[in-house]
Amino acid sequence: MTTVTQKLRIMESLDALDQTQSEKVLAYIRSMLNTSRDEDQYRHFKREAMKEIRKALKTDRSLRLQA
């Protein structure tokens with residue numbers, strides 16, 4: 001499996017997540033980072049993380065389609 005294929009699968013998975021599932025994914029990422037933030041900072045981190053993940057994956061997908 002190529003890196004591009006893996007990224008496309010991840011992006012499709014992220015797009016398919018509901019609110020509960022995205023909370024679980026972000027909680028897992030947060031636990032890996034071992035940060036202790038208050039609720040407002042956590043919500044901001046969550047929003048920004050999801051935006052950046054989707055942006056990176058969409059950029060990669062559009063580059064692949066142009067080639």
# chains A, B, ... in the order shown; residues from 1 in each chain; ligands from 1
>>> residues_around(residues="Gln19 (chain A)", least_positions_apart="5", cutoff="12 Å", atoms="only C-alpha atoms", output="PyMOL selection string")
chain A and resi 14+24-26+46-47+50
>>> residues_around(residues="Thr5 (chain A)", least_positions_apart="5", cutoff="10 Å", atoms="only C-alpha atoms", output="ChimeraX atom specification")
/A:10-11,61
>>> atom_distance(atom1="CA of Thr2 (chain A)", atom2="CA of Ile53 (chain A)")
18.3 Å
>>> closest_residue(among="A:Arg43, A:Asp15, A:Thr59, A:Lys51", to="Ala27 (chain A)", atoms="only C-alpha atoms")
A:Arg43
>>> closest_residue(among="A:Ala49, A:Ile29, A:Leu8, A:Leu17", to="Ser62 (chain A)", atoms="only C-alpha atoms")
A:Leu8
>>> closest_residue(among="A:Arg54, A:Asp60, A:Leu33, A:Asp38", to="Ala16 (chain A)", atoms="only C-alpha atoms")
A:Arg54
>>> closest_residue(among="A:Tyr42, A:Ser31, A:Leu57, A:Ser22", to="Thr3 (chain A)", atoms="only C-alpha atoms")
A:Leu57
>>> atom_distance(atom1="CA of Ser13 (chain A)", atom2="CA of Asp40 (chain A)")
25.9 Å
>>> atom_distance(atom1="CA of Phe45 (chain A)", atom2="CA of Lys7 (chain A)")
21.4 Å
